[in-house]
Amino acid sequence: MEFFYIVIFGTATGTFLLTLVYLYLYIAYRDRYMGVWTFSWFILLFRLIFVDSGVLEWKDSMWGFAIFTAMLLSSALLFLWAAYLFIAKPLKKWWLIIGAGIFLVSNLFTLLELPFFYRLFPLAWFCGSVGIWAGIAFMRHLKAEVVSKRILGYSYILWGVHNLDMPFLINITWFAPWGYMIEGILRLSVAIASLLLYLEQTRINLAQKESQYRLLAENAVDVIFLYKVLPEAKVEYISPSVAAVTGYTPEAYYADAKLLFDMIHPDDLSLFDEFIQNLPKSGTVPLTVRIVRRDQSTSWVEQNVVPVFDQAGKLISLEGIIRDVTARKNLEQSMSRMDRMNMIGEMAANVAHEIRNPLTTVRGYLQIMGNKQEFTTYKDRFELMIAELDRTNSIIREYLSLAKNKLVELKHHDLNTSITSLLPLLEADAIATKANVTLSLANIPQVFLDENEIRQLLLNLVRNGLEAMPSGGTLHISTYVENEQVVLAVADQGTGIPLHILENLGTPFLTTKETGTGLGLPVCYRIAGRHNATIDVETTDHGTTFFVRFNSTKLRIA
């Protein structure tokens, strides 16, 4: 009997340790089937300690046998439920019905004082059937490596077969210790195989989730990055979309950790440094800065950064998202420009006509007085005043060109005809600035135009281009069709437009000329708007090109 108790103690100890392992995994991962398995192992442990060890007299006691029956059936059903959960199948209710029936039948046999063999036989065969079914189910339904699921499946089947022989061998005294030892080994193999399979399933699930998250990150339009600060500054991860946003491939960032910060526009470095120094407080608001792309063009980006600190409060990494907001910034600038032009247009509509009337009167009297004999000595002064009045009138005309509700007469017209008719005037302006004008007019369809307004737009663009070349050069005017749009391009060979001017291009009163009014380009933008056209600008150190794009099929009539 001493060997028997040693076996029981060893089996109970092993079951206790396995129960703790299952309990830890359930607490760590909160998987439902792991919790059910843990509870079933607890019931098996109590059965070993209080029933199989002989502490509770159960074979000849009605209440003891009822407790044994309840423990055996509940542990079997819990193992069965865990198996169903593990293979993602719903538990069949008829298992519960059969289990309840077996409990009643076995205890009824006890009340009838039938031999122990008959009382134990239904229990043993039900538990054996549960083990065999669970083993077959694991091998059939689990998507796992063949070896691990077969080990678990065969362990359950052998455990079930061993339960089938319980009624025949339990009363054989010399076999009892060996029977418990065999059962303990089978339990251990079931437990270890379950753990291996669980860990394998967890690894597969993690790999699938990692693949899904990587797929999302690598196909996201926004740039996702992880920048390690300590112990060594490096880019841990950056998504492939960074190539479209910055022009640099992810490999360039992995090779040079400073590249992520070196591309920030010099004018925004102080803003970025302040943002980094005030983390995590500054991280609550997205930071919008300019970056210099690989092709040296400038883009606007918005980044959300989450700082990660260690226990000592040191910044160890930055996790964040970078979004290209250049289009949004351009739209904001366009809307701001339109708002300002609308304001100027309203001013023009309300004020310009009232001003022109008294100016016309003053100019008429100055002409009369300048022709009188007694004012001959002041003739030069009268001419100067008249010239200034004419200049004032020209400014007022520019104001009127900004009027939001100015009437335009749009007709089908050939843009090339308007350009060639203006060529003598353009060449005369060019000669005065030691420049020349060249044309490259393609075969283009007619578009809806107000010829007078288009002439004014072209004159303004050409004169701006000529003024950008004070030392002379060539101004090239071209037309062509691109993406079903008729394009008018005016290119100069000047020194380019400064960035602070380029960002606010088209804003009324913005000018770099000492005698300019800052209304030339705003007038061009307003005319383009009335023709449902757009104006784009490309500028470098070697010149600037304005592109006016007209819709060749349908234009809005203001």
# chains A, B, ... in the order shown; residues from 1 in each chain; ligands from 1
call {"tool": "residues_around", "arguments": {"residues": "Thr420 in chain A", "least_positions_apart": "5", "cutoff": "10 Å", "atoms": "only C-alpha atoms", "output": "ChimeraX atom specification"}}
result
/A:415,425-426,439,441
call {"tool": "select_by_dssp", "arguments": {"residues": "range 182-332 of chain A", "states": "helix (DSSP H, G or I)", "output": "number ranges by chain"}}
result
A: 182-219, 242-246, 250-255, 259-262, 266-277, 281-284, 326-332
call {"tool": "select_by_dssp", "arguments": {"residues": "range 132-280 of chain A", "states": "strand (DSSP E or B)", "output": "PDB file with N, CA and C atoms, in the first residue's frame"}}
result
ATOM      1  N   VAL A 223       2.318  57.655 -43.197  1.00  0.00           N
ATOM      2  CA  VAL A 223       3.594  57.043 -42.844  1.00  0.00           C
ATOM      3  C   VAL A 223       3.564  56.675 -41.355  1.00  0.00           C
ATOM      4  N   ILE A 224       3.813  55.416 -41.058  1.00  0.00           N
ATOM      5  CA  ILE A 224       3.874  54.932 -39.680  1.00  0.00           C
ATOM      6  C   ILE A 224       5.335  54.676 -39.340  1.00  0.00           C
ATOM      7  N   PHE A 225       5.785  55.183 -38.198  1.00  0.00           N
ATOM      8  CA  PHE A 225       7.203  55.020 -37.875  1.00  0.00           C
ATOM      9  C   PHE A 225       7.395  54.746 -36.389  1.00  0.00           C
ATOM     10  N   LEU A 226       8.535  54.113 -36.082  1.00  0.00           N
ATOM     11  CA  LEU A 226       8.992  53.889 -34.706  1.00  0.00           C
ATOM     12  C   LEU A 226      10.450  54.296 -34.665  1.00  0.00           C
ATOM     13  N   TYR A 227      10.730  55.342 -33.899  1.00  0.00           N
ATOM     14  CA  TYR A 227      12.086  55.877 -33.813  1.00  0.00           C
ATOM     15  C   TYR A 227      12.637  55.633 -32.415  1.00  0.00           C
ATOM     16  N   LYS A 228      13.717  54.870 -32.332  1.00  0.00           N
ATOM     17  CA  LYS A 228      14.351  54.571 -31.045  1.00  0.00           C
ATOM     18  C   LYS A 228      15.328  55.689 -30.703  1.00  0.00           C
ATOM     19  N   LYS A 234      18.011  55.288 -33.755  1.00  0.00           N
ATOM     20  CA  LYS A 234      17.838  54.592 -35.024  1.00  0.00           C
ATOM     21  C   LYS A 234      16.352  54.509 -35.355  1.00  0.00           C
ATOM     22  N   VAL A 235      16.067  54.344 -36.649  1.00  0.00           N
ATOM     23  CA  VAL A 235      14.694  54.141 -37.095  1.00  0.00           C
ATOM     24  C   VAL A 235      14.404  52.648 -37.011  1.00  0.00           C
ATOM     25  N   GLU A 236      13.554  52.265 -36.075  1.00  0.00           N
ATOM     26  CA  GLU A 236      13.223  50.851 -35.887  1.00  0.00           C
ATOM     27  C   GLU A 236      12.300  50.354 -37.001  1.00  0.00           C
ATOM     28  N   TYR A 237      11.336  51.196 -37.391  1.00  0.00           N
ATOM     29  CA  TYR A 237      10.418  50.831 -38.474  1.00  0.00           C
ATOM     30  C   TYR A 237       9.862  52.094 -39.105  1.00  0.00           C
ATOM     31  N   ILE A 238       9.708  52.053 -40.422  1.00  0.00           N
ATOM     32  CA  ILE A 238       9.022  53.125 -41.134  1.00  0.00           C
ATOM     33  C   ILE A 238       8.340  52.503 -42.343  1.00  0.00           C
ATOM     34  N   ILE A 264      13.461  68.301 -42.322  1.00  0.00           N
ATOM     35  CA  ILE A 264      12.558  69.368 -41.874  1.00  0.00           C
ATOM     36  C   ILE A 264      13.058  70.713 -42.404  1.00  0.00           C
TER      37      ILE A 264
END
call {"tool": "residues_around", "arguments": {"residues": "range 306-313 of chain A", "least_positions_apart": "3", "cutoff": "9 Å", "atoms": "only C-alpha atoms", "output": "list in words"}}
result
Leu279, Pro280, Gly283, Thr284, Ile316, Ser317, Leu318, Glu319 and Gly320 of chain A
call {"tool": "closest_residue", "arguments": {"among": "A:Val537, A:Val130, A:Leu458, A:Leu104", "to": "Trp159 in chain A", "atoms": "only C-alpha atoms"}}
result
A:Val130
call {"tool": "residues_around", "arguments": {"residues": "Arg119 in chain A", "least_positions_apart": "6", "cutoff": "8 Å", "atoms": "only C-alpha atoms", "output": "PyMOL selection string"}}
result
chain A and resi 106-107+109-110
call {"tool": "write_last_selection", "arguments": {"atoms": "N, CA, C and O atoms", "output": "mmCIF file, in the first residue's frame"}}
result
data_model
loop_
_atom_site.group_PDB
_atom_site.id
_atom_site.type_symbol
_atom_site.label_atom_id
_atom_site.label_comp_id
_atom_site.auth_asym_id
_atom_site.auth_seq_id
_atom_site.Cartn_x
_atom_site.Cartn_y
_atom_site.Cartn_z
ATOM 1 N N SER A 106 -26.234 5.730 -12.305
ATOM 2 C CA SER A 106 -25.205 5.199 -11.405
ATOM 3 C C SER A 106 -25.643 5.301 -9.950
ATOM 4 O O SER A 106 -25.450 4.365 -9.150
ATOM 5 N N ASN A 107 -26.256 6.414 -9.574
ATOM 6 C CA ASN A 107 -26.690 6.571 -8.187
ATOM 7 C C ASN A 107 -27.943 5.726 -7.900
ATOM 8 O O ASN A 107 -28.157 5.288 -6.763
ATOM 9 N N PHE A 109 -28.324 2.739 -9.194
ATOM 10 C CA PHE A 109 -27.748 1.419 -8.960
ATOM 11 C C PHE A 109 -27.189 1.317 -7.544
ATOM 12 O O PHE A 109 -27.217 0.248 -6.921
ATOM 13 N N THR A 110 -26.711 2.455 -7.019
ATOM 14 C CA THR A 110 -26.210 2.458 -5.639
ATOM 15 C C THR A 110 -27.365 2.248 -4.660
ATOM 16 O O THR A 110 -27.261 1.488 -3.675
#
call {"tool": "closest_residue", "arguments": {"among": "A:Leu260, A:Leu499, A:Ile136, A:Val190", "to": "Phe79 in chain A", "atoms": "only C-alpha atoms"}}
result
A:Val190
call {"tool": "residues_around", "arguments": {"residues": "Phe121 in chain A", "least_positions_apart": "3", "cutoff": "8 Å", "atoms": "only C-alpha atoms", "output": "ChimeraX atom specification"}}
result
/A:117-118,124-125,166-167
call {"tool": "residues_around", "arguments": {"residues": "Arg463 in chain A", "least_positions_apart": "3", "cutoff": "9 Å", "atoms": "only C-alpha atoms", "output": "list in words"}}
result
Leu426, Asp429, Ala430, Leu458, Leu459, Asn460, Leu466, Glu467 and Ala468 of chain A
call {"tool": "write_last_selection", "arguments": {"atoms": "N, CA, C and O atoms", "output": "PDB file, in the first residue's frame"}}
result
ATOM      1  N   LEU A 426       3.080  92.797 -76.805  1.00  0.00           N
ATOM      2  CA  LEU A 426       3.981  92.057 -75.904  1.00  0.00           C
ATOM      3  C   LEU A 426       5.433  92.250 -76.326  1.00  0.00           C
ATOM      4  O   LEU A 426       6.318  92.411 -75.468  1.00  0.00           O
ATOM      5  N   ASP A 429       6.674  95.655 -75.212  1.00  0.00           N
ATOM      6  CA  ASP A 429       7.031  95.643 -73.789  1.00  0.00           C
ATOM      7  C   ASP A 429       8.359  94.933 -73.575  1.00  0.00           C
ATOM      8  O   ASP A 429       9.176  95.350 -72.737  1.00  0.00           O
ATOM      9  N   ALA A 430       8.590  93.834 -74.318  1.00  0.00           N
ATOM     10  CA  ALA A 430       9.815  93.063 -74.148  1.00  0.00           C
ATOM     11  C   ALA A 430      11.035  93.866 -74.594  1.00  0.00           C
ATOM     12  O   ALA A 430      12.087  93.837 -73.948  1.00  0.00           O
ATOM     13  N   LEU A 458      -3.349  87.644 -69.762  1.00  0.00           N
ATOM     14  CA  LEU A 458      -2.084  87.381 -70.453  1.00  0.00           C
ATOM     15  C   LEU A 458      -1.121  88.552 -70.295  1.00  0.00           C
ATOM     16  O   LEU A 458       0.084  88.355 -70.052  1.00  0.00           O
ATOM     17  N   LEU A 459      -1.637  89.766 -70.413  1.00  0.00           N
ATOM     18  CA  LEU A 459      -0.781  90.935 -70.237  1.00  0.00           C
ATOM     19  C   LEU A 459      -0.166  90.977 -68.847  1.00  0.00           C
ATOM     20  O   LEU A 459       1.030  91.261 -68.683  1.00  0.00           O
ATOM     21  N   ASN A 460      -0.965  90.705 -67.827  1.00  0.00           N
ATOM     22  CA  ASN A 460      -0.450  90.721 -66.464  1.00  0.00           C
ATOM     23  C   ASN A 460       0.642  89.665 -66.267  1.00  0.00           C
ATOM     24  O   ASN A 460       1.688  89.932 -65.657  1.00  0.00           O
ATOM     25  N   LEU A 466       8.361  89.648 -67.572  1.00  0.00           N
ATOM     26  CA  LEU A 466       9.384  90.574 -68.050  1.00  0.00           C
ATOM     27  C   LEU A 466      10.042  91.323 -66.893  1.00  0.00           C
ATOM     28  O   LEU A 466      11.262  91.548 -66.904  1.00  0.00           O
ATOM     29  N   GLU A 467       9.255  91.702 -65.888  1.00  0.00           N
ATOM     30  CA  GLU A 467       9.812  92.403 -64.726  1.00  0.00           C
ATOM     31  C   GLU A 467      10.706  91.488 -63.898  1.00  0.00           C
ATOM     32  O   GLU A 467      11.572  91.959 -63.151  1.00  0.00           O
ATOM     33  N   ALA A 468      10.500  90.153 -64.032  1.00  0.00           N
ATOM     34  CA  ALA A 468      11.358  89.207 -63.319  1.00  0.00           C
ATOM     35  C   ALA A 468      12.700  89.032 -64.012  1.00  0.00           C
ATOM     36  O   ALA A 468      13.594  88.364 -63.480  1.00  0.00           O
TER      37      ALA A 468
END
call {"tool": "atom_distance", "arguments": {"atom1": "CA of Glu453 in chain A", "atom2": "CA of Cys524 in chain A"}}
result
8.9 Å
call {"tool": "atom_distance", "arguments": {"atom1": "CA of Val481 in chain A", "atom2": "CA of Ile454 in chain A"}}
result
17.6 Å
